[in-house]
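Okay, model-v4.txt now, which holds compact mmCIF, C-alpha atoms:
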# COMPACT_ATOMS: atom_id res chain seq x y z
CA MET R 1 -40.76 -86.74 73.95
CA SER R 2 -44.02 -85.32 72.66
CA LYS R 3 -46.71 -87.92 72.09
CA ASP R 4 -47.48 -86.47 68.64
CA ILE R 5 -44.06 -86.99 67.15
CA LYS R 6 -41.34 -89.63 67.04
CA VAL R 7 -37.87 -88.49 66.08
CA SER R 8 -34.73 -90.60 65.98
CA THR R 9 -31.22 -90.09 64.69
CA SER R 10 -28.81 -92.49 63.01
CA GLN R 11 -25.69 -92.40 60.91
CA LYS R 12 -25.29 -93.72 57.37
CA GLY R 13 -21.63 -93.32 56.42
CA ASP R 14 -20.86 -89.62 56.72
CA ILE R 15 -24.54 -88.67 56.61
CA ALA R 16 -26.53 -87.94 59.78
CA VAL R 17 -30.13 -89.07 59.40
CA ILE R 18 -33.05 -87.56 61.33
CA SER R 19 -36.15 -89.78 61.01
CA ILE R 20 -39.44 -87.99 61.67
CA GLN R 21 -42.84 -89.58 62.23
CA GLY R 22 -46.01 -87.75 63.29
CA ASP R 23 -46.89 -84.08 63.61
CA VAL R 24 -44.39 -81.38 62.74
CA THR R 25 -45.86 -78.31 64.44
CA ALA R 26 -44.83 -75.39 66.64
CA MET R 27 -45.47 -77.66 69.63
CA THR R 28 -43.25 -80.51 68.41
CA GLY R 29 -40.62 -78.47 66.59
CA GLU R 30 -38.44 -78.49 69.69
CA VAL R 31 -38.14 -82.28 69.46
CA ILE R 32 -36.74 -82.02 65.93
CA GLY R 33 -34.55 -79.11 67.03
CA ASN R 34 -33.13 -81.23 69.85
CA ALA R 35 -32.38 -84.07 67.42
CA TYR R 36 -30.65 -81.60 65.11
CA GLY R 37 -28.71 -80.22 68.07
CA SER R 38 -27.40 -83.61 69.18
CA ALA R 39 -23.64 -83.89 68.81
CA ASP R 40 -23.58 -86.45 66.00
CA VAL R 41 -25.99 -84.44 63.86
CA SER R 42 -24.94 -80.87 64.60
CA ASN R 43 -21.34 -81.62 63.62
CA SER R 44 -22.20 -83.53 60.46
CA PRO R 45 -21.67 -81.76 57.12
CA LYS R 46 -24.50 -83.79 55.55
CA ILE R 47 -27.94 -84.22 57.08
CA LEU R 48 -30.84 -86.21 55.72
CA LEU R 49 -34.37 -85.53 56.96
CA GLN R 50 -36.31 -88.75 56.52
CA PHE R 51 -40.05 -87.98 56.74
CA ASP R 52 -42.69 -90.61 57.19
CA LYS R 53 -45.23 -90.31 54.37
CA ASP R 54 -48.02 -89.73 56.91
CA CYS R 55 -46.29 -86.76 58.54
CA TYR R 56 -48.53 -83.75 59.14
CA ILE R 57 -46.78 -80.37 58.86
CA ASN R 58 -48.31 -76.98 59.60
CA SER R 59 -46.91 -73.46 59.41
CA GLY R 60 -45.47 -73.76 62.93
CA GLY R 61 -43.65 -76.90 61.81
CA LEU R 62 -42.39 -75.16 58.69
CA ALA R 63 -40.92 -72.47 60.95
CA SER R 64 -39.04 -75.14 62.91
CA LEU R 65 -37.65 -76.63 59.70
CA ILE R 66 -36.63 -73.16 58.47
CA ASP R 67 -34.76 -72.69 61.78
CA ILE R 68 -32.83 -75.89 61.14
CA ALA R 69 -32.10 -74.90 57.54
CA SER R 70 -30.95 -71.48 58.73
CA GLU R 71 -28.64 -72.99 61.35
CA GLY R 72 -27.38 -75.50 58.78
CA ARG R 73 -26.55 -72.73 56.38
CA LYS R 74 -24.47 -70.97 59.05
CA LYS R 75 -22.55 -74.20 59.59
CA GLN R 76 -22.29 -74.85 55.83
CA GLN R 77 -24.18 -78.12 56.20
CA LYS R 78 -26.08 -79.69 53.33
CA ILE R 79 -29.60 -80.75 54.31
CA HIS R 80 -31.72 -82.98 52.09
CA ALA R 81 -35.19 -84.42 52.65
CA TYR R 82 -37.20 -87.32 51.34
CA GLY R 83 -40.33 -89.30 52.18
CA LEU R 84 -42.75 -86.36 52.15
CA SER R 85 -46.23 -86.95 50.75
CA ASP R 86 -47.06 -85.27 47.43
CA HIS R 87 -49.06 -82.66 49.33
CA PHE R 88 -46.21 -81.62 51.60
CA GLN R 89 -43.74 -81.66 48.71
CA LYS R 90 -46.07 -79.11 47.13
CA ILE R 91 -46.15 -77.06 50.36
CA PHE R 92 -42.33 -77.11 50.60
CA HIS R 93 -42.15 -75.75 47.03
CA MET R 94 -44.88 -73.18 47.72
CA VAL R 95 -43.12 -71.61 50.71
CA GLY R 96 -39.68 -71.79 49.13
CA LEU R 97 -38.27 -74.30 51.59
CA THR R 98 -36.87 -76.40 48.75
CA ARG R 99 -34.37 -73.60 48.11
CA CYS R 100 -32.59 -74.56 51.33
CA ILE R 101 -33.78 -78.15 51.85
CA PRO R 102 -34.05 -79.90 48.48
CA ILE R 103 -36.49 -82.80 48.44
CA PHE R 104 -35.96 -86.16 46.77
CA THR R 105 -38.21 -89.03 45.84
CA SER R 106 -36.08 -91.73 47.45
CA GLU R 107 -33.44 -92.20 50.10
CA GLU R 108 -30.99 -93.37 47.44
CA ALA R 109 -31.49 -90.23 45.36
CA ALA R 110 -31.21 -87.98 48.41
CA MET R 111 -27.96 -89.59 49.54
CA LYS R 112 -26.42 -89.76 46.08
CA ASP R 113 -26.88 -86.04 45.50
CA PHE R 114 -24.90 -84.84 48.56
CA MET H 1 -75.70 -73.34 51.21
CA GLU H 2 -76.87 -75.96 53.62
CA GLN H 3 -75.09 -75.86 56.96
CA LEU H 4 -73.75 -79.31 57.76
CA LEU H 5 -71.77 -78.85 60.93
CA GLU H 6 -70.90 -76.40 63.67
CA LEU H 7 -68.00 -77.00 66.06
CA HIS H 8 -66.83 -75.06 69.10
CA LEU H 9 -63.15 -75.73 69.67
CA PRO H 10 -61.09 -74.91 72.75
CA ASN H 11 -58.58 -72.16 72.08
CA ILE H 12 -55.50 -74.38 72.21
CA LEU H 13 -53.13 -75.42 69.45
CA GLY H 14 -53.95 -78.94 68.34
CA ALA H 15 -57.71 -78.44 68.72
CA GLU H 16 -57.89 -77.87 64.95
CA LYS H 17 -57.47 -81.62 64.43
CA GLU H 18 -61.06 -82.30 65.41
CA ALA H 19 -62.31 -79.85 62.78
CA ILE H 20 -60.00 -81.35 60.16
CA LYS H 21 -61.30 -84.86 60.85
CA LYS H 22 -64.92 -83.76 60.45
CA ALA H 23 -64.18 -81.69 57.35
CA VAL H 24 -62.42 -84.62 55.69
CA THR H 25 -65.47 -86.86 56.21
CA ILE H 26 -67.73 -84.26 54.59
CA ALA H 27 -65.33 -83.55 51.71
CA GLU H 28 -65.01 -87.27 50.98
CA LYS H 29 -68.79 -87.65 50.88
CA MET H 30 -69.01 -84.70 48.50
CA GLY H 31 -66.55 -86.41 46.14
CA PHE H 32 -63.51 -84.17 46.41
CA ALA H 33 -60.29 -85.69 45.07
CA ARG H 34 -57.64 -86.79 47.56
CA ASP H 35 -55.25 -83.93 46.70
CA ARG H 36 -57.99 -81.34 47.19
CA ILE H 37 -58.82 -82.86 50.57
CA GLU H 38 -55.17 -82.48 51.56
CA ASP H 39 -55.37 -78.82 50.50
CA LEU H 40 -58.50 -78.40 52.62
CA LYS H 41 -56.82 -79.97 55.66
CA THR H 42 -53.90 -77.57 55.49
CA ALA H 43 -56.06 -74.48 54.84
CA LEU H 44 -58.44 -75.32 57.68
CA ALA H 45 -55.55 -76.02 60.05
CA GLU H 46 -53.95 -72.67 59.24
CA ALA H 47 -57.23 -70.77 59.65
CA CYS H 48 -57.78 -72.39 63.08
CA ILE H 49 -54.18 -71.73 64.15
CA ASN H 50 -54.54 -68.07 63.12
CA ALA H 51 -57.79 -67.80 65.11
CA ILE H 52 -56.17 -69.36 68.20
CA GLU H 53 -52.92 -67.43 67.97
CA HIS H 54 -53.68 -64.07 66.36
CA GLY H 55 -57.45 -63.74 66.83
CA ASN H 56 -57.96 -65.09 70.35
CA LYS H 57 -54.32 -64.55 71.36
CA PHE H 58 -54.13 -67.93 73.13
CA ASP H 59 -56.83 -66.86 75.62
CA GLN H 60 -58.23 -70.18 76.84
CA ASN H 61 -61.47 -68.47 77.89
CA LYS H 62 -62.22 -67.95 74.22
CA LYS H 63 -63.40 -70.44 71.62
CA VAL H 64 -62.90 -71.02 67.93
CA ARG H 65 -66.11 -71.75 66.05
CA VAL H 66 -66.00 -73.66 62.78
CA THR H 67 -68.96 -74.10 60.44
CA LEU H 68 -69.13 -76.23 57.33
CA ALA H 69 -71.77 -75.75 54.68
CA ALA H 70 -72.17 -77.03 51.16
CA ASP H 71 -74.14 -76.80 47.96
CA ASP H 72 -73.86 -78.91 44.83
CA ASN H 73 -70.67 -77.18 43.71
CA SER H 74 -68.78 -76.04 46.77
CA LEU H 75 -67.78 -76.65 50.33
CA GLN H 76 -67.72 -73.57 52.54
CA VAL H 77 -65.71 -73.49 55.76
CA ILE H 78 -65.85 -70.52 58.12
CA VAL H 79 -63.52 -70.17 61.10
CA TYR H 80 -64.60 -67.59 63.71
CA ASP H 81 -62.52 -66.11 66.50
CA GLU H 82 -63.63 -63.96 69.44
CA GLY H 83 -60.72 -61.55 69.37
CA ASP H 84 -60.30 -57.90 68.57
CA GLY H 85 -59.47 -58.70 65.01
CA ILE H 86 -56.50 -58.15 62.79
CA ASP H 87 -56.24 -55.69 59.98
CA PRO H 88 -55.86 -57.79 56.83
CA LYS H 89 -53.62 -55.03 55.47
CA LYS H 90 -51.19 -55.70 58.32
CA ILE H 91 -50.79 -59.39 57.55
CA PRO H 92 -47.16 -59.93 56.55
CA THR H 93 -46.73 -60.61 52.88
CA LYS H 94 -42.97 -60.88 52.86
CA ARG H 95 -41.99 -64.52 52.60
CA VAL H 96 -38.38 -64.25 51.46
CA ARG H 97 -35.62 -62.60 53.46
CA ASP H 98 -33.20 -60.19 51.83
CA ASP H 99 -30.65 -63.02 51.62
CA GLY H 100 -33.07 -65.20 49.64
CA PHE H 101 -33.88 -67.46 52.57
CA PRO H 102 -37.55 -68.12 53.39
CA CYS H 103 -38.98 -66.10 56.28
CA ARG H 104 -39.71 -68.02 59.45
CA ARG H 105 -43.39 -67.21 59.85
CA GLY H 106 -46.32 -65.70 58.02
CA TYR H 107 -47.41 -68.63 55.87
CA GLY H 108 -50.94 -69.19 57.21
CA VAL H 109 -52.85 -66.78 55.00
CA PHE H 110 -50.45 -67.41 52.11
CA LEU H 111 -51.25 -71.14 52.23
CA ILE H 112 -55.01 -70.55 52.57
CA SER H 113 -54.98 -68.22 49.56
CA ASN H 114 -53.06 -70.73 47.47
CA LEU H 115 -54.95 -73.85 48.47
CA MET H 116 -58.58 -72.70 48.50
CA ASN H 117 -60.57 -71.35 45.54
CA GLU H 118 -61.85 -68.32 47.47
CA PHE H 119 -61.28 -66.79 50.86
CA TYR H 120 -62.53 -63.67 52.65
CA PHE H 121 -61.92 -61.92 55.95
CA GLU H 122 -65.15 -60.74 57.58
CA LYS H 123 -66.25 -59.20 60.86
CA ASN H 124 -68.55 -61.37 62.97
CA SER H 125 -71.99 -60.00 63.72
CA GLY H 126 -70.93 -59.98 67.39
CA LYS H 127 -67.36 -59.83 68.64
CA GLY H 128 -64.50 -61.16 66.61
CA ASN H 129 -63.71 -61.93 63.02
CA ASN H 130 -63.90 -64.84 60.67
CA VAL H 131 -62.24 -66.23 57.61
CA LYS H 132 -64.57 -67.73 55.04
CA MET H 133 -63.05 -70.28 52.66
CA LEU H 134 -64.60 -71.94 49.65
CA MET H 135 -63.44 -74.99 47.76
CA HIS H 136 -65.16 -75.81 44.47
CA LEU H 137 -65.74 -79.34 43.28
CA ASN H 138 -64.80 -78.42 39.74
CA GLY H 139 -61.89 -76.17 40.71

Starting from the coordinates I provided, produce the structure as structure tokens.
Amino acid sequence: MSKDIKVSTSQKGDIAVISIQGDVTAMTGEVIGNAYGSADVSNSPKILLQFDKDCYINSGGLASLIDIASEGRKKQQKIHAYGLSDHFQKIFHMVGLTRCIPIFTSEEAAMKDF
Amino acid sequence: MEQLLELHLPNILGAEKEAIKKAVTIAEKMGFARDRIEDLKTALAEACINAIEHGNKFDQNKKVRVTLAADDNSLQVIVYDEGDGIDPKKIPTKRVRDDGFPCRRGYGVFLISNLMNEFYFEKNSGKGNNVKMLMHLNG
């Protein structure tokens, strides 16, 4: 695993959760992609991306997240996100990523809206 | 403008973090609000990544130079590459695919233009090009 990112997966009911801490970049995107590709996540109809509030995301990282959203759309998965800092919520809106990965202010809100 | 700092970064992804750290210290001293500093961090990161990837084309024999300068109203950040340059007219502007999905790449300049008050592409006096970005204290 890259030293700049920590990614883990878990299950909450029928929702697969990917927890992300650290740097989301072109260099670490593969780690998130691998977590998404793990059997329990890739077959889940509902996926929650749980970002640590101190996550750093650059354009390379946005590309990795768009890849996941694109794959999720093919599989008709719903992908939600929460935990992003105000700044990266703004960036998600700016680049249009919220059209495919809606963001929520809390885990409860993100899970309730599936 | 008074030049405050000059950095010479190795041409590898991740090297931009050193510039970001130094820029944050200067922006905090100048009194920029927290949200503006976050904007600066992202814009500077994207300018460095563009210099590494598109300007210097990942050539590790090349460097990325970053200068920070300020006056009473603004912080100026210039990121220089040593590459052959890119035609600003050829920078992709399409950000949404035909199916309404966001495009995968091409957000660097878009983010810089949306997060900084001013930005310009310029040719270096020697080889390469630079992007000059300005953030205003009252903007």

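For the pair atom CA of Ala47 of chain H and atom CA of Val109 of chain H, the interatomic distance is 7.5 Å.
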
- prompt: What is the distance, in Å and to one decimal place, between atom CA of Val31 of chain R and atom CA of Ile5 of chain R?
  reply: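 Computed distance, atom CA of Val31 of chain R to atom CA of Ile5 of chain R, equals 7.9 Å.
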
message: So, with all atoms listed in the file as the atoms that count, which of H:Ala70, H:Val131, H:Met116, H:Cys48 lies closest to Leu9 of chain H?
response: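 Once distances to Leu9 of chain H are computed over all atoms listed in the file, the minimum belongs to H:Cys48.
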
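In this model, the gap between atom CA of Glu118 of chain H and atom CA of Ala63 of chain R comes to 25.2 Å.
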
Quick one: everything within 12 Å of Glu108 of chain R, counting all atoms listed in the file, minus sequence neighbours fewer than 4 positions away in the same chain. Send it as a PDB file with C-alpha atoms, in the frame of the given file.
ATOM      1  CA  LYS R  12     -25.290 -93.720  57.370  1.00  0.00           C
ATOM      2  CA  LEU R  48     -30.840 -86.210  55.720  1.00  0.00           C
ATOM      3  CA  GLN R  50     -36.310 -88.750  56.520  1.00  0.00           C
ATOM      4  CA  HIS R  80     -31.720 -82.980  52.090  1.00  0.00           C
ATOM      5  CA  ALA R  81     -35.190 -84.420  52.650  1.00  0.00           C
ATOM      6  CA  TYR R  82     -37.200 -87.320  51.340  1.00  0.00           C
ATOM      7  CA  GLY R  83     -40.330 -89.300  52.180  1.00  0.00           C
ATOM      8  CA  ILE R 103     -36.490 -82.800  48.440  1.00  0.00           C
ATOM      9  CA  PHE R 104     -35.960 -86.160  46.770  1.00  0.00           C
ATOM     10  CA  LYS R 112     -26.420 -89.760  46.080  1.00  0.00           C
ATOM     11  CA  ASP R 113     -26.880 -86.040  45.500  1.00  0.00           C
ATOM     12  CA  PHE R 114     -24.900 -84.840  48.560  1.00  0.00           C
TER      13      PHE R 114
END

Output as a tab-separated table (two decimals) with C-alpha atoms, in the frame of the given file the set of chain R residues within 10 Å of chain H, with distances taken over only C-alpha atoms.
chain	number	residue	atom	x	y	z
R	4	ASP	CA	-47.48	-86.47	68.64
R	23	ASP	CA	-46.89	-84.08	63.61
R	25	THR	CA	-45.86	-78.31	64.44
R	26	ALA	CA	-44.83	-75.39	66.64
R	27	MET	CA	-45.47	-77.66	69.63
R	56	TYR	CA	-48.53	-83.75	59.14
R	57	ILE	CA	-46.78	-80.37	58.86
R	58	ASN	CA	-48.31	-76.98	59.60
R	59	SER	CA	-46.91	-73.46	59.41
R	60	GLY	CA	-45.47	-73.76	62.93
R	61	GLY	CA	-43.65	-76.90	61.81
R	62	LEU	CA	-42.39	-75.16	58.69
R	63	ALA	CA	-40.92	-72.47	60.95
R	64	SER	CA	-39.04	-75.14	62.91
R	65	LEU	CA	-37.65	-76.63	59.70
R	66	ILE	CA	-36.63	-73.16	58.47
R	67	ASP	CA	-34.76	-72.69	61.78
R	69	ALA	CA	-32.10	-74.90	57.54
R	70	SER	CA	-30.95	-71.48	58.73
R	73	ARG	CA	-26.55	-72.73	56.38
R	86	ASP	CA	-47.06	-85.27	47.43
R	87	HIS	CA	-49.06	-82.66	49.33
R	88	PHE	CA	-46.21	-81.62	51.60
R	90	LYS	CA	-46.07	-79.11	47.13
R	91	ILE	CA	-46.15	-77.06	50.36
R	94	MET	CA	-44.88	-73.18	47.72
R	95	VAL	CA	-43.12	-71.61	50.71
R	96	GLY	CA	-39.68	-71.79	49.13
R	97	LEU	CA	-38.27	-74.30	51.59
R	98	THR	CA	-36.87	-76.40	48.75
R	99	ARG	CA	-34.37	-73.60	48.11
R	100	CYS	CA	-32.59	-74.56	51.33

query: Hey, can you pull every residue with an atom no more than 12 Å from (-58.1, -68.2, 78.6), using only C-alpha atoms, and send it as an NGL selection string?
result: :H and (10-12 or 52-53 or 56-63 or 82-83)

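Nearest to His54 of chain H of all the residues H:Lys127, H:His136, H:Ser113, H:Gly85 is H:Gly85, counting all atoms listed in the file.
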
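Residues surrounding Val17 of chain R within 10 Å are Ser8, Thr9, Ser10, Gln11, Lys12, Gly13, Ala35, Tyr36, Asp40, Val41, Ser44, Lys46, Ile47, Leu48, Leu49, Gln50, Ile79, His80 and Ala81 of chain R [only C-alpha atoms; sequence separation below 4 positions excluded].
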
task: List every protein, DNA or RNA residue that has an atom no more than 6 Å from (-62.2, -64.1, 64.3) in the file's coordinate frame, counting only C-alpha atoms, and report them as a PyMOL selection string.
output: chain H and resi 51+55+80-83+128-130

Axis-aligned box for segment 36-42 of chain H, 3 Å per side, centre and edges in Å as AutoDock Vina command-line options:
--center_x -56.4 --center_y -80.2 --center_z 51.4 --size_x 10.9 --size_y 11.3 --size_z 14.5

query: So, counting all atoms listed in the file, which residue among H:Ser125, H:Ala15, H:Ala27, H:Leu7 is closest to Asp71 of chain H?
result: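 Of H:Ser125, H:Ala15, H:Ala27, H:Leu7, the one nearest Asp71 of chain H, counting all atoms listed in the file, is H:Ala27.
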
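Counting all atoms listed in the file, the residue from H:Phe32, H:Leu134, H:Ser74, H:Lys94 that sits nearest to Asn117 of chain H is H:Leu134.
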
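Distance annotation: of H:Leu40, H:Pro88, H:Ala23, H:Glu18, the residue with the minimal separation from Val64 of chain H is H:Glu18; atom set is only C-alpha atoms.
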